>>> print(open('target_4.txt').read())   # compact mmCIF, C-alpha atoms and all ligand atoms
# COMPACT_ATOMS: atom_id res chain seq x y z
CA MET Q 1 -3.62 21.56 38.63
CA MET Q 2 -1.30 21.32 41.68
CA ILE Q 3 -1.32 17.53 41.44
CA LYS Q 4 -0.28 17.65 37.79
CA GLN Q 5 2.60 20.04 38.58
CA ASN Q 6 3.88 17.76 41.34
CA MET Q 7 3.70 14.82 38.97
CA THR Q 8 5.91 16.69 36.49
CA GLN Q 9 8.47 17.42 39.20
CA LEU Q 10 8.61 13.77 40.26
CA ASP Q 11 8.59 12.49 36.71
CA THR Q 12 12.12 11.39 35.78
CA ARG Q 13 11.49 10.77 32.11
CA ALA Q 14 14.12 12.31 29.84
CA GLY Q 15 14.98 11.48 26.25
CA HIS Q 16 13.83 12.25 22.71
CA TRP Q 17 10.23 13.31 22.22
CA VAL Q 18 8.02 12.58 19.25
CA ILE Q 19 4.92 14.70 19.90
CA VAL Q 20 2.10 14.37 17.39
CA SER Q 21 -0.64 16.97 17.04
CA LYS Q 22 -3.24 16.26 14.35
CA GLU Q 23 -1.14 15.15 11.34
CA ARG Q 24 1.96 17.08 12.38
CA ILE Q 25 5.03 16.77 14.62
CA ILE Q 26 5.83 19.37 17.30
CA ILE Q 27 9.36 20.81 17.25
CA ARG Q 28 11.09 23.86 18.75
CA LYS Q 29 10.65 26.75 16.35
CA GLY Q 30 13.57 27.02 13.94
CA GLU Q 31 14.99 23.56 14.70
CA LYS Q 32 15.04 20.71 12.23
CA THR Q 33 14.68 17.75 14.52
CA ILE Q 34 12.56 16.44 17.39
CA PRO Q 35 13.15 17.95 20.86
CA SER Q 36 15.19 16.21 23.57
CA GLY Q 37 15.18 16.75 27.32
CA HIS Q 38 13.31 16.24 30.59
CA VAL Q 39 9.52 16.02 30.61
CA SER Q 40 9.32 19.28 32.64
CA GLN Q 41 10.43 21.24 29.55
CA PHE Q 42 7.15 20.45 27.85
CA ASN Q 43 4.55 22.47 29.77
CA PHE Q 44 1.93 21.90 27.14
CA LEU Q 45 2.04 18.13 27.84
CA THR Q 46 0.77 18.45 31.43
CA SER Q 47 -2.59 16.87 30.67
CA TYR Q 48 -1.04 14.08 28.56
CA LEU Q 49 1.49 12.72 31.07
CA GLU Q 50 -0.39 9.47 31.51
CA ASP Q 51 -0.54 8.94 27.76
CA VAL Q 52 3.19 9.13 27.11
CA HIS Q 53 4.43 5.84 25.61
CA GLU Q 54 8.05 4.82 25.51
CA LEU Q 55 8.74 3.53 22.02
CA PRO Q 56 9.60 -0.18 22.32
CA PRO Q 57 13.21 -0.62 21.14
CA LEU Q 58 14.15 -2.59 18.04
CA SER Q 59 17.44 -4.48 17.77
CA PRO Q 60 20.58 -2.90 19.34
CA ASP Q 61 22.02 -2.35 15.86
CA THR Q 62 19.20 -0.11 14.71
CA ASP Q 63 18.59 1.65 18.03
CA VAL Q 64 21.58 3.93 17.88
CA LEU Q 65 19.93 6.59 19.98
CA ASN Q 66 21.06 5.82 23.51
CA ASP Q 67 18.27 7.68 25.28
CA PRO Q 68 14.66 6.54 25.37
CA VAL Q 69 12.22 7.81 22.76
CA TYR Q 70 8.84 8.98 24.10
CA VAL Q 71 5.76 9.23 21.96
CA VAL Q 72 2.77 11.44 22.78
CA ASP Q 73 -0.36 11.82 20.69
CA MET Q 74 -2.15 15.09 21.41
CA GLY Q 75 -4.89 14.16 18.93
CA ALA Q 76 -6.69 17.24 17.62
CA GLU Q 77 -5.13 19.48 20.28
CA MET Q 78 -2.66 22.13 19.09
CA VAL Q 79 0.30 23.73 20.88
CA GLN Q 80 -0.32 27.45 21.31
CA GLU Q 81 3.04 28.40 22.87
CA GLU Q 82 5.27 30.63 20.80
CA GLU Q 83 8.53 28.69 20.94
CA TRP Q 84 6.94 25.60 19.39
CA GLU Q 85 5.67 24.82 15.91
CA ALA Q 86 3.91 21.94 14.17
CA VAL Q 87 5.54 20.61 10.97
CA PRO Q 88 4.52 17.89 8.50
CA LEU Q 89 6.32 14.56 8.91
CA ARG Q 90 7.61 14.67 5.33
CA HIS Q 91 9.24 18.07 5.91
CA LEU Q 92 11.12 16.66 8.93
CA LEU Q 93 12.16 13.38 7.34
CA TYR Q 94 13.87 15.04 4.41
CA GLU Q 95 16.10 16.97 6.86
CA GLN Q 96 17.17 13.89 8.76
CA GLN Q 97 19.86 11.31 8.73
CA THR Q 98 18.71 7.71 8.40
CA ILE Q 99 18.76 7.05 12.16
CA ILE Q 100 16.36 9.80 13.07
CA PHE Q 101 14.34 8.97 9.97
CA SER Q 102 13.70 5.48 11.33
CA VAL Q 103 12.91 6.65 14.88
CA ILE Q 104 10.46 9.38 13.87
CA GLY Q 105 8.95 7.15 11.21
CA ARG Q 106 8.42 4.33 13.67
CA ALA Q 107 6.87 6.61 16.30
CA TRP Q 108 4.55 8.06 13.67
CA GLN Q 109 3.41 4.59 12.60
CA TYR Q 110 2.78 3.67 16.24
CA VAL Q 111 0.56 6.74 16.71
CA HIS Q 112 -1.26 5.95 13.47
CA PHE Q 113 -1.75 2.36 14.64
CA LEU Q 114 -3.24 3.40 18.02
CA ARG Q 115 -5.51 5.96 16.35
CA THR Q 116 -6.94 3.37 13.97
CA HIS Q 117 -7.22 0.43 16.42
CA ARG Q 118 -9.30 1.84 19.26
CA PHE Q 119 -11.87 -0.88 18.65
CA CYS Q 120 -11.45 -4.61 18.07
CA GLY Q 121 -11.69 -5.52 14.39
CA LYS Q 122 -13.31 -8.85 15.30
CA CYS Q 123 -15.98 -8.05 17.93
CA GLY Q 124 -16.06 -4.23 18.06
CA SER Q 125 -15.19 -3.85 21.78
CA HIS Q 126 -12.73 -1.24 23.06
CA THR Q 127 -9.11 -2.39 22.83
CA GLU Q 128 -6.33 -1.81 25.35
CA ARG Q 129 -2.72 -1.06 24.64
CA VAL Q 130 -0.27 -3.84 25.51
CA ASN Q 131 2.59 -2.53 27.66
CA TRP Q 132 5.44 -4.76 26.56
CA GLU Q 133 5.00 -4.81 22.78
CA MET Q 134 3.54 -2.69 19.99
CA ALA Q 135 0.04 -4.17 20.09
CA VAL Q 136 -3.53 -3.65 21.25
CA HIS Q 137 -5.59 -6.38 22.89
CA CYS Q 138 -9.32 -7.06 23.10
CA HIS Q 139 -10.22 -8.45 26.52
CA ARG Q 140 -13.61 -9.65 25.32
CA CYS Q 141 -12.57 -11.97 22.46
CA HIS Q 142 -8.75 -11.98 23.00
CA HIS Q 143 -8.05 -10.78 19.48
CA ARG Q 144 -4.70 -8.97 19.36
CA SER Q 145 -3.68 -6.49 16.65
CA TYR Q 146 -0.22 -5.33 15.62
CA PRO Q 147 0.79 -2.34 13.50
CA ARG Q 148 0.21 -3.11 9.84
CA VAL Q 149 3.22 -3.12 7.53
CA SER Q 150 2.39 -2.91 3.83
CA PRO Q 151 5.12 -4.13 1.45
CA CYS Q 152 5.73 -2.00 -1.62
CA ILE Q 153 8.18 -2.69 -4.42
CA ILE Q 154 10.25 0.13 -5.88
CA VAL Q 155 12.29 -0.42 -9.01
CA ALA Q 156 14.86 1.41 -11.13
CA ILE Q 157 14.99 0.26 -14.78
CA HIS Q 158 17.98 0.78 -17.04
CA ASN Q 159 18.49 0.24 -20.75
CA LYS Q 160 22.08 0.57 -21.97
CA GLN Q 161 22.82 4.27 -21.38
CA ALA Q 162 19.47 5.44 -20.04
CA LEU Q 163 17.30 5.23 -16.95
CA LEU Q 164 13.49 5.03 -16.97
CA LEU Q 165 11.87 7.58 -14.65
CA ALA Q 166 8.23 8.49 -14.31
CA LYS Q 167 6.27 11.43 -13.00
CA GLY Q 168 3.24 10.30 -10.99
CA VAL Q 169 -0.05 12.14 -11.37
CA ARG Q 170 0.17 13.03 -7.66
CA HIS Q 171 3.66 14.58 -8.09
CA LYS Q 172 2.72 16.47 -11.21
CA GLU Q 173 3.00 19.90 -9.57
CA ALA Q 174 6.46 19.22 -8.11
CA ASN Q 175 7.55 18.12 -11.60
CA MET Q 176 9.58 15.34 -9.95
CA TYR Q 177 10.52 12.16 -11.80
CA SER Q 178 11.18 9.01 -9.82
CA THR Q 179 11.47 5.24 -9.90
CA LEU Q 180 8.30 3.14 -10.23
CA ALA Q 181 6.64 1.81 -7.08
CA GLY Q 182 3.54 -0.03 -6.04
CA PHE Q 183 1.93 -2.18 -3.36
CA VAL Q 184 2.41 -5.93 -3.32
CA GLU Q 185 -0.96 -7.65 -3.63
CA SER Q 186 -2.14 -10.57 -1.49
CA GLY Q 187 -0.64 -13.84 -2.68
CA GLU Q 188 1.99 -12.19 -4.87
CA SER Q 189 5.80 -12.53 -4.61
CA LEU Q 190 7.95 -9.39 -4.59
CA GLU Q 191 9.32 -10.25 -8.05
CA GLU Q 192 5.83 -10.81 -9.48
CA ALA Q 193 4.82 -7.43 -8.08
CA VAL Q 194 7.77 -5.77 -9.87
CA HIS Q 195 6.84 -7.30 -13.26
CA ARG Q 196 3.14 -6.46 -12.82
CA GLU Q 197 3.63 -2.88 -11.58
CA VAL Q 198 6.15 -1.98 -14.26
CA PHE Q 199 3.94 -3.34 -17.03
CA GLU Q 200 0.79 -1.69 -15.62
CA GLU Q 201 2.40 1.70 -15.09
CA VAL Q 202 4.62 2.13 -18.15
CA GLY Q 203 3.89 -0.88 -20.42
CA VAL Q 204 7.43 -2.28 -20.58
CA LYS Q 205 8.87 -5.70 -19.68
CA VAL Q 206 11.91 -6.09 -17.40
CA LYS Q 207 14.45 -8.85 -16.69
CA ASN Q 208 17.40 -9.70 -14.39
CA LEU Q 209 15.91 -8.28 -11.21
CA GLN Q 210 18.48 -7.59 -8.50
CA TYR Q 211 17.53 -6.90 -4.89
CA PHE Q 212 18.96 -3.53 -3.82
CA ASP Q 213 17.87 -2.44 -0.32
CA SER Q 214 14.79 -1.76 1.77
CA GLN Q 215 13.45 1.21 3.72
CA PRO Q 216 10.50 1.73 6.07
CA TRP Q 217 8.28 4.43 4.61
CA PRO Q 218 5.80 5.83 7.14
CA PHE Q 219 3.13 7.16 4.71
CA PRO Q 220 1.37 5.59 6.46
CA HIS Q 221 2.94 2.14 7.02
CA SER Q 222 4.92 0.80 4.06
CA ILE Q 223 8.16 -1.06 3.75
CA MET Q 224 9.78 -0.21 0.42
CA VAL Q 225 11.67 -3.13 -1.13
CA GLY Q 226 14.05 -1.86 -3.79
CA PHE Q 227 15.11 -3.61 -7.01
CA ILE Q 228 17.21 -2.75 -10.03
CA ALA Q 229 16.02 -4.27 -13.30
CA GLU Q 230 17.10 -4.35 -16.94
CA TYR Q 231 14.77 -3.36 -19.73
CA ALA Q 232 13.55 -6.40 -21.71
CA GLY Q 233 11.14 -4.93 -24.29
CA GLY Q 234 8.09 -2.83 -25.11
CA ASP Q 235 7.36 0.85 -25.71
CA ILE Q 236 6.50 3.29 -22.92
CA ARG Q 237 2.75 3.62 -22.45
CA CYS Q 238 1.68 5.58 -19.33
CA GLN Q 239 -1.10 4.23 -17.14
CA GLU Q 240 -4.04 6.60 -17.08
CA ASN Q 241 -4.75 8.34 -13.74
CA GLU Q 242 -1.43 7.10 -12.29
CA ILE Q 243 1.47 8.22 -14.48
CA ASP Q 244 1.60 11.67 -16.00
CA ASP Q 245 4.78 11.11 -17.99
CA ALA Q 246 7.59 8.55 -18.28
CA GLN Q 247 10.82 8.81 -20.29
CA TRP Q 248 14.28 7.31 -20.74
CA PHE Q 249 16.77 9.79 -19.28
CA LYS Q 250 20.50 9.97 -20.01
CA PRO Q 251 22.72 10.49 -16.89
CA ASP Q 252 23.81 13.94 -18.11
CA ALA Q 253 20.25 15.18 -18.66
CA LEU Q 254 18.32 14.18 -15.55
CA PRO Q 255 15.07 15.84 -14.46
CA THR Q 256 14.29 16.79 -10.81
CA ILE Q 257 14.70 13.58 -8.79
CA PRO Q 258 13.99 12.60 -5.14
CA PRO Q 259 16.59 13.40 -2.44
CA ARG Q 260 19.11 10.74 -1.42
CA VAL Q 261 17.49 10.22 1.98
CA SER Q 262 14.73 8.25 0.23
CA ILE Q 263 15.31 4.80 -1.22
CA ALA Q 264 14.22 6.19 -4.61
CA GLY Q 265 17.14 8.65 -4.51
CA LYS Q 266 19.59 5.89 -3.56
CA LEU Q 267 18.26 3.56 -6.28
CA ILE Q 268 18.71 6.26 -8.91
CA GLU Q 269 22.26 6.96 -7.73
CA GLU Q 270 23.16 3.25 -7.83
CA THR Q 271 21.63 2.74 -11.29
CA LEU Q 272 23.51 5.74 -12.66
CA SER Q 273 26.78 4.20 -11.49
CA ILE Q 274 25.81 0.88 -13.17
CA ILE Q 275 25.19 2.76 -16.44
CA GLU Q 276 28.53 4.61 -16.16
CA ASN Q 277 30.47 1.40 -15.53
CA GLN Q 278 28.97 -0.54 -18.45
ZN ZN I 301 -12.71 -8.43 20.30
>>> encode(input="target_4.txt", output="structure tokens", more="lines below")
Ligand SMILES: [Zn+2]
Amino acid sequence: MMIKQNMTQLDTRAGHWVIVSKERIIIRKGEKTIPSGHVSQFNFLTSYLEDVHELPPLSPDTDVLNDPVYVVDMGAEMVQEEEWEAVPLRHLLYEQQTIIFSVIGRAWQYVHFLRTHRFCGKCGSHTERVNWEMAVHCHRCHHRSYPRVSPCIIVAIHNKQALLLAKGVRHKEANMYSTLAGFVESGESLEEAVHREVFEEVGVKVKNLQYFDSQPWPFPHSIMVGFIAEYAGGDIRCQENEIDDAQWFKPDALPTIPPRVSIAGKLIEETLSIIENQ
């Protein structure tokens, strides 16, 4: 125990801390963001000091946080101290500005990657974390794995004065209507995925696809690629087990929609302004 305490005193690490316990993030009770400070402020991390990873930086443009970001995975261990609480990632992301959103989201994906790549996918041996990049390496067969990124398309569809929004079966209780989205399949272009997903989910055809924006979405490792499309034909027919309801909504009679921090919220906002300016 003495040795650990001395290590904490000598440890100079200070910055932002993304601490993961089970499927939650540890924050100071009552706060809405991740904690910052010197490692000595986190007594409950004493036995994890050797497992703290500094999040490898991205480009200077996206890394607007000047201080380092440290990631710690406590696994199934929980923090029992009163001033700390564990919150779901989603709860935290909706409170954040884009910058923090990308940092927490990236750290979360890194933890998820390490949790699911403890063994080599090729030969089954234990893997080791690579120090200088986000990767794990197998020393037996030299196979190296990187965090998976799964592309998803997300599309807002407009038809003269209305916007098509759908309520997914999974969001039925929240009664929230949103844009359509789905994973890109192997061998498919982003545009093909838009046409296929839209037709599968609501039975309509679209045209004049315009790229809008993209956003990493850490549930668990997607990149959402946003498009705006015009309606080209067909009647709404909801896909069973996926879509609970889909309708054309007028801008002055919108249902509950996602917050602006998500790309879905931004897509809806942009499409409403297209409709108004027609
Ligand atoms: Zn291997």
>>> residues_near_ligand(input="target_4.txt", ligand="ligand ZN 301 (chain I)", cutoff="6 Å", atoms="all atoms listed in the file", output="PyMOL selection string")
chain Q and resi 120+122-125+138+140-143
>>> axis_aligned_box(input="target_4.txt", around="range 175-191 of chain Q", padding_each_side="8 Å", output="JSON")
{"center_x": 4.7, "center_y": 2.1, "center_z": -6.6, "size_x": 29.6, "size_y": 48.0, "size_z": 26.3}
>>> atom_distance(input="target_4.txt", atom1="CA of Ser186 in chain Q", atom2="CA of Met224 in chain Q")
15.9 Å
>>> closest_residue(input="target_4.txt", among="Q:Glu23, Q:Glu276, Q:Glu270, Q:Glu85", to="Asp252 in chain Q", atoms="only C-alpha atoms")
Q:Glu276
>>> atom_distance(input="target_4.txt", atom1="CA of Val69 in chain Q", atom2="CA of Trp108 in chain Q")
11.9 Å
>>> residues_around(input="target_4.txt", residues="range 214-218 of chain Q", least_positions_apart="5", cutoff="8 Å", atoms="all atoms listed in the file", output="ChimeraX atom specification")
/Q:102,105-106,108-109,223-226,262-263
>>> residues_around(input="target_4.txt", residues="Val194 in chain Q", least_positions_apart="4", cutoff="8 Å", atoms="all atoms listed in the file", output="VMD selection string")
chain Q and resid 153 to 155 190 198
>>> residues_around(input="target_4.txt", residues="Gln210 in chain Q", least_positions_apart="3", cutoff="8 Å", atoms="all atoms listed in the file", output="number ranges by chain")
Q: 227-229
>>> write_last_selection(input="target_4.txt", atoms="C-alpha atoms", output="mmCIF file, in the coordinates of the input")
data_model
loop_
_atom_site.group_PDB
_atom_site.id
_atom_site.type_symbol
_atom_site.label_atom_id
_atom_site.label_comp_id
_atom_site.auth_asym_id
_atom_site.auth_seq_id
_atom_site.Cartn_x
_atom_site.Cartn_y
_atom_site.Cartn_z
ATOM 1 C CA PHE Q 227 15.110 -3.610 -7.010
ATOM 2 C CA ILE Q 228 17.210 -2.750 -10.030
ATOM 3 C CA ALA Q 229 16.020 -4.270 -13.300
#
>>> closest_residue(input="target_4.txt", among="Q:Tyr231, Q:Pro255, Q:Val204, Q:Thr116", to="Met176 in chain Q", atoms="only C-alpha atoms")
Q:Pro255
>>> residues_near_point(input="target_4.txt", point="(4.1, 3.8, 14.9)", cutoff="10 Å", atoms="all atoms listed in the file", output="PyMOL selection string")
chain Q and resi 55+71+103-115+134+147-148+218+220-221
>>> closest_residue(input="target_4.txt", among="Q:Ala76, Q:Leu92, Q:Asn66, Q:Gly234", to="Val18 in chain Q", atoms="only C-alpha atoms")
Q:Leu92
>>> residues_around(input="target_4.txt", residues="Tyr48 in chain Q", least_positions_apart="5", cutoff="9 Å", atoms="all atoms listed in the file", output="list in words")
Val72, Asp73 and Met74 of chain Q
>>> residues_around(input="target_4.txt", residues="Pro259 in chain Q", least_positions_apart="2", cutoff="12 Å", atoms="only C-alpha atoms", output="count of residues only")
20
>>> atom_distance(input="target_4.txt", atom1="CA of Glu50 in chain Q", atom2="CA of Pro88 in chain Q")
25.0 Å
>>> closest_residue(input="target_4.txt", among="Q:Glu230, Q:Pro258, Q:Arg237, Q:Leu49", to="Ala174 in chain Q", atoms="only C-alpha atoms")
Q:Pro258
>>> decode(input="target_4.txt", residues="range 170-190 of chain Q", atoms="N, CA, C and O atoms", output="mmCIF file, in the first residue's frame")
data_model
loop_
_atom_site.group_PDB
_atom_site.id
_atom_site.type_symbol
_atom_site.label_atom_id
_atom_site.label_comp_id
_atom_site.auth_asym_id
_atom_site.auth_seq_id
_atom_site.Cartn_x
_atom_site.Cartn_y
_atom_site.Cartn_z
ATOM 1 N N ARG Q 170 -37.095 0.683 -31.401
ATOM 2 C CA ARG Q 170 -36.314 0.814 -30.169
ATOM 3 C C ARG Q 170 -36.557 2.150 -29.453
ATOM 4 O O ARG Q 170 -36.267 2.292 -28.283
ATOM 5 N N HIS Q 171 -37.041 3.168 -30.188
ATOM 6 C CA HIS Q 171 -37.293 4.474 -29.550
ATOM 7 C C HIS Q 171 -38.783 4.724 -29.329
ATOM 8 O O HIS Q 171 -39.209 5.847 -29.128
ATOM 9 N N LYS Q 172 -39.517 3.627 -29.379
ATOM 10 C CA LYS Q 172 -40.976 3.718 -29.278
ATOM 11 C C LYS Q 172 -41.423 4.399 -27.972
ATOM 12 O O LYS Q 172 -42.273 5.282 -27.987
ATOM 13 N N GLU Q 173 -40.766 4.016 -26.865
ATOM 14 C CA GLU Q 173 -41.168 4.565 -25.566
ATOM 15 C C GLU Q 173 -40.895 6.056 -25.460
ATOM 16 O O GLU Q 173 -41.680 6.792 -24.878
ATOM 17 N N ALA Q 174 -39.768 6.507 -26.022
ATOM 18 C CA ALA Q 174 -39.422 7.931 -25.958
ATOM 19 C C ALA Q 174 -40.312 8.753 -26.890
ATOM 20 O O ALA Q 174 -40.337 9.977 -26.809
ATOM 21 N N ASN Q 175 -41.036 8.076 -27.775
ATOM 22 C CA ASN Q 175 -41.907 8.722 -28.753
ATOM 23 C C ASN Q 175 -41.145 9.756 -29.586
ATOM 24 O O ASN Q 175 -41.670 10.805 -29.921
ATOM 25 N N MET Q 176 -39.880 9.443 -29.907
ATOM 26 C CA MET Q 176 -39.045 10.373 -30.659
ATOM 27 C C MET Q 176 -38.988 9.980 -32.137
ATOM 28 O O MET Q 176 -38.781 8.818 -32.467
ATOM 29 N N TYR Q 177 -39.203 10.986 -33.000
ATOM 30 C CA TYR Q 177 -39.106 10.763 -34.444
ATOM 31 C C TYR Q 177 -37.773 11.316 -34.932
ATOM 32 O O TYR Q 177 -37.365 12.394 -34.509
ATOM 33 N N SER Q 178 -37.135 10.570 -35.832
ATOM 34 C CA SER Q 178 -35.832 11.015 -36.308
ATOM 35 C C SER Q 178 -35.645 10.684 -37.783
ATOM 36 O O SER Q 178 -36.540 10.131 -38.435
ATOM 37 N N THR Q 179 -34.447 11.047 -38.280
ATOM 38 C CA THR Q 179 -34.084 10.730 -39.653
ATOM 39 C C THR Q 179 -33.812 9.225 -39.758
ATOM 40 O O THR Q 179 -33.595 8.560 -38.746
ATOM 41 N N LEU Q 180 -33.756 8.705 -40.973
ATOM 42 C CA LEU Q 180 -33.490 7.275 -41.155
ATOM 43 C C LEU Q 180 -31.985 7.024 -41.133
ATOM 44 O O LEU Q 180 -31.208 7.865 -41.592
ATOM 45 N N ALA Q 181 -31.586 5.869 -40.611
ATOM 46 C CA ALA Q 181 -30.162 5.553 -40.546
ATOM 47 C C ALA Q 181 -29.948 4.059 -40.639
ATOM 48 O O ALA Q 181 -30.843 3.278 -40.286
ATOM 49 N N GLY Q 182 -28.786 3.672 -41.127
ATOM 50 C CA GLY Q 182 -28.486 2.246 -41.180
ATOM 51 C C GLY Q 182 -27.041 1.989 -41.557
ATOM 52 O O GLY Q 182 -26.366 2.866 -42.112
ATOM 53 N N PHE Q 183 -26.568 0.801 -41.228
ATOM 54 C CA PHE Q 183 -25.178 0.433 -41.513
ATOM 55 C C PHE Q 183 -24.949 0.228 -43.002
ATOM 56 O O PHE Q 183 -25.821 -0.271 -43.710
ATOM 57 N N VAL Q 184 -23.755 0.626 -43.444
ATOM 58 C CA VAL Q 184 -23.318 0.356 -44.809
ATOM 59 C C VAL Q 184 -22.862 -1.102 -44.848
ATOM 60 O O VAL Q 184 -22.151 -1.557 -43.953
ATOM 61 N N GLU Q 185 -23.299 -1.837 -45.871
ATOM 62 C CA GLU Q 185 -22.905 -3.242 -45.948
ATOM 63 C C GLU Q 185 -21.600 -3.400 -46.731
ATOM 64 O O GLU Q 185 -21.212 -2.505 -47.486
ATOM 65 N N SER Q 186 -20.935 -4.526 -46.559
ATOM 66 C CA SER Q 186 -19.672 -4.775 -47.268
ATOM 67 C C SER Q 186 -19.887 -4.658 -48.768
ATOM 68 O O SER Q 186 -20.857 -5.214 -49.300
ATOM 69 N N GLY Q 187 -19.013 -3.934 -49.438
ATOM 70 C CA GLY Q 187 -19.086 -3.819 -50.889
ATOM 71 C C GLY Q 187 -20.070 -2.786 -51.407
ATOM 72 O O GLY Q 187 -20.299 -2.700 -52.616
ATOM 73 N N GLU Q 188 -20.663 -2.009 -50.510
ATOM 74 C CA GLU Q 188 -21.693 -1.050 -50.901
ATOM 75 C C GLU Q 188 -21.146 0.381 -50.825
ATOM 76 O O GLU Q 188 -20.381 0.697 -49.910
ATOM 77 N N SER Q 189 -21.536 1.259 -51.747
ATOM 78 C CA SER Q 189 -21.147 2.669 -51.630
ATOM 79 C C SER Q 189 -22.093 3.349 -50.648
ATOM 80 O O SER Q 189 -23.170 2.827 -50.328
ATOM 81 N N LEU Q 190 -21.706 4.533 -50.177
ATOM 82 C CA LEU Q 190 -22.550 5.268 -49.231
ATOM 83 C C LEU Q 190 -23.903 5.592 -49.871
ATOM 84 O O LEU Q 190 -24.954 5.457 -49.242
#
